[in-house]
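Pasted below: run10.txt, compact mmCIF, C-alpha atoms and all ligand atoms.
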```txt
# COMPACT_ATOMS: atom_id res chain seq x y z
CA MET A 1200 124.12 138.95 121.15
CA ASP A 1201 121.85 136.33 119.60
CA ILE A 1202 123.98 134.08 117.44
CA ARG A 1203 123.20 130.64 116.06
CA ILE A 1204 125.41 127.99 114.52
CA GLY A 1205 124.24 125.42 112.00
CA HIS A 1206 125.75 122.30 110.49
CA GLY A 1207 124.86 120.55 107.23
CA PHE A 1208 125.93 117.29 105.62
CA ASP A 1209 124.99 115.71 102.29
CA VAL A 1210 126.05 112.82 100.08
CA HIS A 1211 125.26 111.97 96.47
CA ALA A 1212 126.25 108.95 94.42
CA LEU A 1213 128.29 109.52 91.27
CA ALA A 1214 127.35 108.00 87.91
CA GLU A 1215 128.87 108.16 84.44
CA GLY A 1216 127.59 110.73 81.97
CA LEU A 1217 125.80 113.06 84.41
CA ARG A 1218 126.53 116.77 84.95
CA LEU A 1219 128.77 117.61 87.88
CA VAL A 1220 127.60 120.85 89.54
CA LEU A 1221 129.22 122.04 92.77
CA CYS A 1222 128.41 125.42 94.39
CA GLY A 1223 126.61 126.41 91.18
CA VAL A 1224 129.68 125.74 89.01
CA GLU A 1225 129.50 123.11 86.27
CA ILE A 1226 132.74 121.13 86.31
CA GLU A 1227 134.00 119.06 83.45
CA HIS A 1228 134.21 115.42 84.50
CA THR A 1229 133.17 111.96 83.31
CA LYS A 1230 130.78 111.51 86.25
CA GLY A 1231 128.10 113.59 87.96
CA CYS A 1232 125.80 113.35 90.96
CA VAL A 1233 122.70 111.17 90.87
CA ALA A 1234 119.86 113.35 92.16
CA HIS A 1235 116.31 114.59 91.76
CA SER A 1236 117.70 118.16 91.55
CA ASP A 1237 120.94 119.18 89.78
CA GLY A 1238 122.74 117.21 92.52
CA ASP A 1239 124.71 120.15 93.92
CA VAL A 1240 125.78 118.37 97.09
CA ALA A 1241 127.70 121.42 98.38
CA ILE A 1242 124.71 123.76 98.11
CA HIS A 1243 122.52 121.11 99.75
CA ALA A 1244 124.93 120.98 102.74
CA ILE A 1245 124.92 124.80 102.92
CA CYS A 1246 121.08 124.88 102.85
CA ASP A 1247 120.95 122.32 105.65
CA SER A 1248 123.43 124.31 107.75
CA LEU A 1249 121.21 127.41 107.43
CA LEU A 1250 118.05 125.48 108.26
CA GLY A 1251 119.88 123.67 111.07
CA ALA A 1252 120.86 126.97 112.70
CA LEU A 1253 117.15 127.83 112.86
CA ALA A 1254 116.12 124.27 113.87
CA LEU A 1255 113.80 124.21 110.85
CA GLY A 1256 114.60 120.72 109.61
CA ASP A 1257 116.32 120.11 106.28
CA ILE A 1258 115.91 120.65 102.54
CA GLY A 1259 114.39 117.18 102.13
CA LYS A 1260 111.49 118.41 104.27
CA LEU A 1261 111.27 121.74 102.47
CA PHE A 1262 111.70 120.49 98.89
CA PRO A 1263 110.55 116.83 98.76
CA ASP A 1264 112.19 114.75 96.01
CA THR A 1265 108.76 113.33 95.20
CA ASP A 1266 107.69 116.80 94.02
CA GLN A 1267 108.08 117.12 90.23
CA GLN A 1268 108.59 120.90 90.40
CA TYR A 1269 112.06 120.29 91.86
CA LYS A 1270 113.15 117.81 89.17
CA GLY A 1271 116.52 118.93 87.76
CA ILE A 1272 116.19 122.26 89.59
CA ASP A 1273 119.19 124.58 89.89
CA SER A 1274 120.06 124.21 93.58
CA ARG A 1275 120.87 127.93 93.75
CA LYS A 1276 117.09 128.49 93.61
CA LEU A 1277 116.72 126.26 96.67
CA LEU A 1278 119.50 128.17 98.46
CA LYS A 1279 117.88 131.51 97.58
CA HIS A 1280 114.63 130.31 99.13
CA VAL A 1281 116.43 129.13 102.29
CA VAL A 1282 118.21 132.52 102.59
CA GLU A 1283 114.78 134.19 102.43
CA ILE A 1284 113.65 132.00 105.32
CA VAL A 1285 116.72 133.09 107.32
CA THR A 1286 115.96 136.76 106.60
CA ASN A 1287 112.25 136.32 107.41
CA ASN A 1288 113.27 134.87 110.78
CA GLY A 1289 115.22 138.06 111.53
CA TYR A 1290 118.74 136.68 111.08
CA SER A 1291 121.62 137.63 108.83
CA ILE A 1292 124.36 135.28 107.68
CA SER A 1293 127.77 136.05 109.18
CA ASN A 1294 129.77 133.40 107.34
CA ILE A 1295 129.61 129.98 105.70
CA ASP A 1296 132.34 127.36 105.65
CA CYS A 1297 131.87 124.36 103.32
CA THR A 1298 134.09 121.35 102.65
CA ILE A 1299 133.63 119.01 99.67
CA ALA A 1300 135.16 115.53 99.80
CA MET A 1301 135.85 114.08 96.35
CA GLN A 1302 138.73 112.08 94.92
CA ARG A 1303 138.67 113.44 91.37
CA PRO A 1304 138.79 115.87 89.57
CA LYS A 1305 140.94 118.48 91.32
CA LEU A 1306 138.55 121.19 92.53
CA ARG A 1307 141.14 123.82 93.46
CA PRO A 1308 140.93 125.67 90.08
CA HIS A 1309 137.17 126.16 90.66
CA ILE A 1310 137.17 127.17 94.32
CA ASP A 1311 137.14 130.96 93.87
CA THR A 1312 134.36 130.78 91.27
CA MET A 1313 132.37 128.58 93.65
CA ARG A 1314 132.82 131.12 96.46
CA GLU A 1315 131.66 133.94 94.16
CA ARG A 1316 128.58 131.97 93.05
CA ILE A 1317 127.55 131.29 96.64
CA ALA A 1318 128.20 134.91 97.66
CA GLU A 1319 125.97 136.11 94.79
CA VAL A 1320 123.06 133.94 95.89
CA VAL A 1321 123.46 134.52 99.64
CA GLY A 1322 124.09 138.26 99.22
CA ILE A 1323 127.13 138.59 101.51
CA ASP A 1324 130.78 139.40 100.77
CA VAL A 1325 132.83 136.64 99.18
CA ASP A 1326 135.37 136.89 102.03
CA ARG A 1327 132.64 135.48 104.29
CA ILE A 1328 132.23 132.38 102.11
CA SER A 1329 134.77 129.58 102.43
CA VAL A 1330 134.76 126.57 100.12
CA LYS A 1331 137.38 123.89 100.64
CA ALA A 1332 137.98 120.61 98.86
CA THR A 1333 139.68 117.49 100.05
CA THR A 1334 140.25 113.98 98.83
CA THR A 1335 139.83 111.15 101.31
CA GLU A 1336 143.18 109.60 100.35
CA ARG A 1337 141.31 107.01 98.23
CA LEU A 1338 139.50 105.76 101.36
CA GLY A 1339 135.74 105.25 101.58
CA PHE A 1340 133.07 105.90 98.95
CA GLU A 1341 134.54 109.30 98.05
CA GLY A 1342 137.96 107.73 97.58
CA ARG A 1343 136.55 104.96 95.39
CA GLU A 1344 134.81 107.68 93.32
CA GLU A 1345 131.39 106.18 94.07
CA GLY A 1346 130.10 109.41 95.58
CA VAL A 1347 130.70 112.94 96.85
CA SER A 1348 130.09 114.28 100.35
CA ALA A 1349 129.91 117.85 101.59
CA THR A 1350 129.70 119.45 105.02
CA ALA A 1351 128.93 123.06 105.88
CA VAL A 1352 128.91 125.21 108.99
CA THR A 1353 127.09 128.53 109.15
CA LEU A 1354 126.88 131.34 111.68
CA LEU A 1355 123.74 133.47 111.90
CA ILE A 1356 123.39 136.75 113.79
CA LYS A 1357 120.06 138.25 114.84
CA ALA A 1358 119.70 141.30 112.63
MG MG B 1 121.29 116.41 98.32
```
For this file, write the structure as structure tokens.
Ligand code: MG
Amino acid sequence: MDIRIGHGFDVHALAEGLRLVLCGVEIEHTKGCVAHSDGDVAIHAICDSLLGALALGDIGKLFPDTDQQYKGIDSRKLLKHVVEIVTNNGYSISNIDCTIAMQRPKLRPHIDTMRERIAEVVGIDVDRISVKATTTERLGFEGREEGVSATAVTLLIKA
């Protein structure tokens, strides 16, 4: 069986008055991610895990932040494109596991909606999409509410 594992990691700074979008869900908060796109750090980590499994680089290579067509873009569009690359390479996605590290706000109430949003874009069952959230116990940049980080692991199976 031809299986491949991929890992993704992303960080964005937080700033007052910006939208906070995580896994395609807009979350009410005083701060949002500073970014060229909509700043969906979780989707960016997921995209990089998919590209990593195929050793195809990262989303920075695929969608340069110097390119105006990606300004403010809904990151779900980027994910959709990455999923097409996976399919075109003859793989299907077995599961995705993503962890978001953020001190505030509490993300638990949004987790199931986030999983559903990702499942919709990726086109696999929601029980194959895991989204978890953690604080960093007020340690580091996440704990000081200066930024958000996300990691993701993906398993691909040759279709
Ligand atoms: Mg990013």
Between A:Lys1260, A:His1211, A:His1309, A:His1206, smallest distance to Ser1348 (chain A) by all atoms listed in the file belongs to A:His1211
Any residue with an atom at most 12 Å from ligand MG 1 (chain B) counts, using all atoms listed in the file. Which are they? Put them as a VMD selection string. chain A and resid 1207 to 1212 1220 to 1221 1232 to 1247 1257 to 1260 1262 to 1264 1269 1271 to 1274 1277 to 1278 1346 to 1350
Write out as JSON lines a residue-level contact list of region 1251-1313 of chain A versus region 1222-1230 of chain A with cut-off 12 Å: for each qualifying residue the closest pair of atoms and the distance in Å to one decimal, counting only C-alpha atoms, rows sorted by chain and residue number upward.
```
{"residue": "A:Ile1272", "atom": "CA", "partner": "A:Gly1223", "partner_atom": "CA", "distance": 11.3}
{"residue": "A:Asp1273", "atom": "CA", "partner": "A:Gly1223", "partner_atom": "CA", "distance": 7.8}
{"residue": "A:Ser1274", "atom": "CA", "partner": "A:Gly1223", "partner_atom": "CA", "distance": 7.3}
{"residue": "A:Arg1275", "atom": "CA", "partner": "A:Gly1223", "partner_atom": "CA", "distance": 6.5}
{"residue": "A:Lys1276", "atom": "CA", "partner": "A:Gly1223", "partner_atom": "CA", "distance": 10.0}
{"residue": "A:Leu1277", "atom": "CA", "partner": "A:Gly1223", "partner_atom": "CA", "distance": 11.3}
{"residue": "A:Leu1278", "atom": "CA", "partner": "A:Cys1222", "partner_atom": "CA", "distance": 10.2}
{"residue": "A:Lys1279", "atom": "CA", "partner": "A:Gly1223", "partner_atom": "CA", "distance": 12.0}
{"residue": "A:Cys1297", "atom": "CA", "partner": "A:Cys1222", "partner_atom": "CA", "distance": 9.6}
{"residue": "A:Thr1298", "atom": "CA", "partner": "A:Cys1222", "partner_atom": "CA", "distance": 10.8}
{"residue": "A:Ile1299", "atom": "CA", "partner": "A:Cys1222", "partner_atom": "CA", "distance": 9.8}
{"residue": "A:Met1301", "atom": "CA", "partner": "A:Lys1230", "partner_atom": "CA", "distance": 11.6}
{"residue": "A:Gln1302", "atom": "CA", "partner": "A:Lys1230", "partner_atom": "CA", "distance": 11.8}
{"residue": "A:Arg1303", "atom": "CA", "partner": "A:His1228", "partner_atom": "CA", "distance": 8.4}
{"residue": "A:Pro1304", "atom": "CA", "partner": "A:His1228", "partner_atom": "CA", "distance": 6.8}
{"residue": "A:Lys1305", "atom": "CA", "partner": "A:Ile1226", "partner_atom": "CA", "distance": 10.0}
{"residue": "A:Leu1306", "atom": "CA", "partner": "A:Ile1226", "partner_atom": "CA", "distance": 8.5}
{"residue": "A:Arg1307", "atom": "CA", "partner": "A:Ile1226", "partner_atom": "CA", "distance": 11.4}
{"residue": "A:Pro1308", "atom": "CA", "partner": "A:Ile1226", "partner_atom": "CA", "distance": 10.1}
{"residue": "A:His1309", "atom": "CA", "partner": "A:Val1224", "partner_atom": "CA", "distance": 7.7}
{"residue": "A:Ile1310", "atom": "CA", "partner": "A:Cys1222", "partner_atom": "CA", "distance": 8.9}
{"residue": "A:Asp1311", "atom": "CA", "partner": "A:Val1224", "partner_atom": "CA", "distance": 10.3}
{"residue": "A:Thr1312", "atom": "CA", "partner": "A:Val1224", "partner_atom": "CA", "distance": 7.2}
{"residue": "A:Met1313", "atom": "CA", "partner": "A:Cys1222", "partner_atom": "CA", "distance": 5.1}
```
Selection to disk with C-alpha atoms, as an mmCIF file, keeping the file's coordinate frame:
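This is the output file part-v2.cif:
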```
data_model
loop_
_atom_site.group_PDB
_atom_site.id
_atom_site.type_symbol
_atom_site.label_atom_id
_atom_site.label_comp_id
_atom_site.auth_asym_id
_atom_site.auth_seq_id
_atom_site.Cartn_x
_atom_site.Cartn_y
_atom_site.Cartn_z
ATOM 1 C CA ILE A 1272 116.190 122.260 89.590
ATOM 2 C CA ASP A 1273 119.190 124.580 89.890
ATOM 3 C CA SER A 1274 120.060 124.210 93.580
ATOM 4 C CA ARG A 1275 120.870 127.930 93.750
ATOM 5 C CA LYS A 1276 117.090 128.490 93.610
ATOM 6 C CA LEU A 1277 116.720 126.260 96.670
ATOM 7 C CA LEU A 1278 119.500 128.170 98.460
ATOM 8 C CA LYS A 1279 117.880 131.510 97.580
ATOM 9 C CA CYS A 1297 131.870 124.360 103.320
ATOM 10 C CA THR A 1298 134.090 121.350 102.650
ATOM 11 C CA ILE A 1299 133.630 119.010 99.670
ATOM 12 C CA MET A 1301 135.850 114.080 96.350
ATOM 13 C CA GLN A 1302 138.730 112.080 94.920
ATOM 14 C CA ARG A 1303 138.670 113.440 91.370
ATOM 15 C CA PRO A 1304 138.790 115.870 89.570
ATOM 16 C CA LYS A 1305 140.940 118.480 91.320
ATOM 17 C CA LEU A 1306 138.550 121.190 92.530
ATOM 18 C CA ARG A 1307 141.140 123.820 93.460
ATOM 19 C CA PRO A 1308 140.930 125.670 90.080
ATOM 20 C CA HIS A 1309 137.170 126.160 90.660
ATOM 21 C CA ILE A 1310 137.170 127.170 94.320
ATOM 22 C CA ASP A 1311 137.140 130.960 93.870
ATOM 23 C CA THR A 1312 134.360 130.780 91.270
ATOM 24 C CA MET A 1313 132.370 128.580 93.650
#
```
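In this structure, CA of Leu1355 (chain A) sits 9.2 Å away from CA of Ile1295 (chain A).
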- Could you state the separation of CA of Glu1345 (chain A) and CA of Ala1214 (chain A) in Å, given to one decimal place?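 CA of Ala1214 (chain A) lies 7.6 Å from CA of Glu1345 (chain A).
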Which one is closest to Ile1356 (chain A): A:Leu1213, A:Ala1318, A:Leu1255, A:Ile1292? Count only C-alpha atoms.
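Once distances to Ile1356 (chain A) are computed over only C-alpha atoms, the minimum belongs to A:Ile1292.
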Coordinates of box centre and edge lengths for region 1313-1329 of chain A, 6 Å on every side, axis-aligned, as lines of an AutoDock Vina configuration file:
```
center_x = 129.2
center_y = 134.0
center_z = 98.7
size_x = 24.3
size_y = 22.8
size_z = 23.2
```
Compare A:Gly1216, A:Gly1231, A:Gly1251, A:Gly1256 by their minimum atom-to-atom distance to Ala1351 (chain A), counting all atoms listed in the file, and give me the closest one.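 Ranked by minimum distance to Ala1351 (chain A), first place goes to A:Gly1251.
Of the residues under consideration (A:Ser1293, A:Ala1300, A:Val1285, A:Ser1329), A:Ala1300 shows the shortest atom-to-atom contact distance to Glu1344 (chain A) when counting all atoms listed in the file.
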note - CA of Thr1333 (chain A) and CA of Arg1316 (chain A) are separated by 19.5 Å
For Ala1254 (chain A), the closest of A:Arg1203, A:Leu1217, A:Arg1343, A:Arg1337 counting all atoms listed in the file is A:Arg1203
Could you check the closest approach to Ile1202 (chain A) for each of A:Leu1253, A:Glu1336, A:Glu1315, A:Arg1327 and tell me which residue wins, using all atoms listed in the file?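 Residue with the minimum atom-to-atom distance to Ile1202 (chain A): A:Leu1253.
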### Task
Write out as a list in words which residues come within 8 Å of Asp1296 (chain A) when counting all atoms listed in the file, dropping same-chain ones fewer than 4 positions away.
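The neighbour list is Ile1328, Ser1329, Val1330, Lys1331, Ala1351, Val1352 and Thr1353 of chain A.
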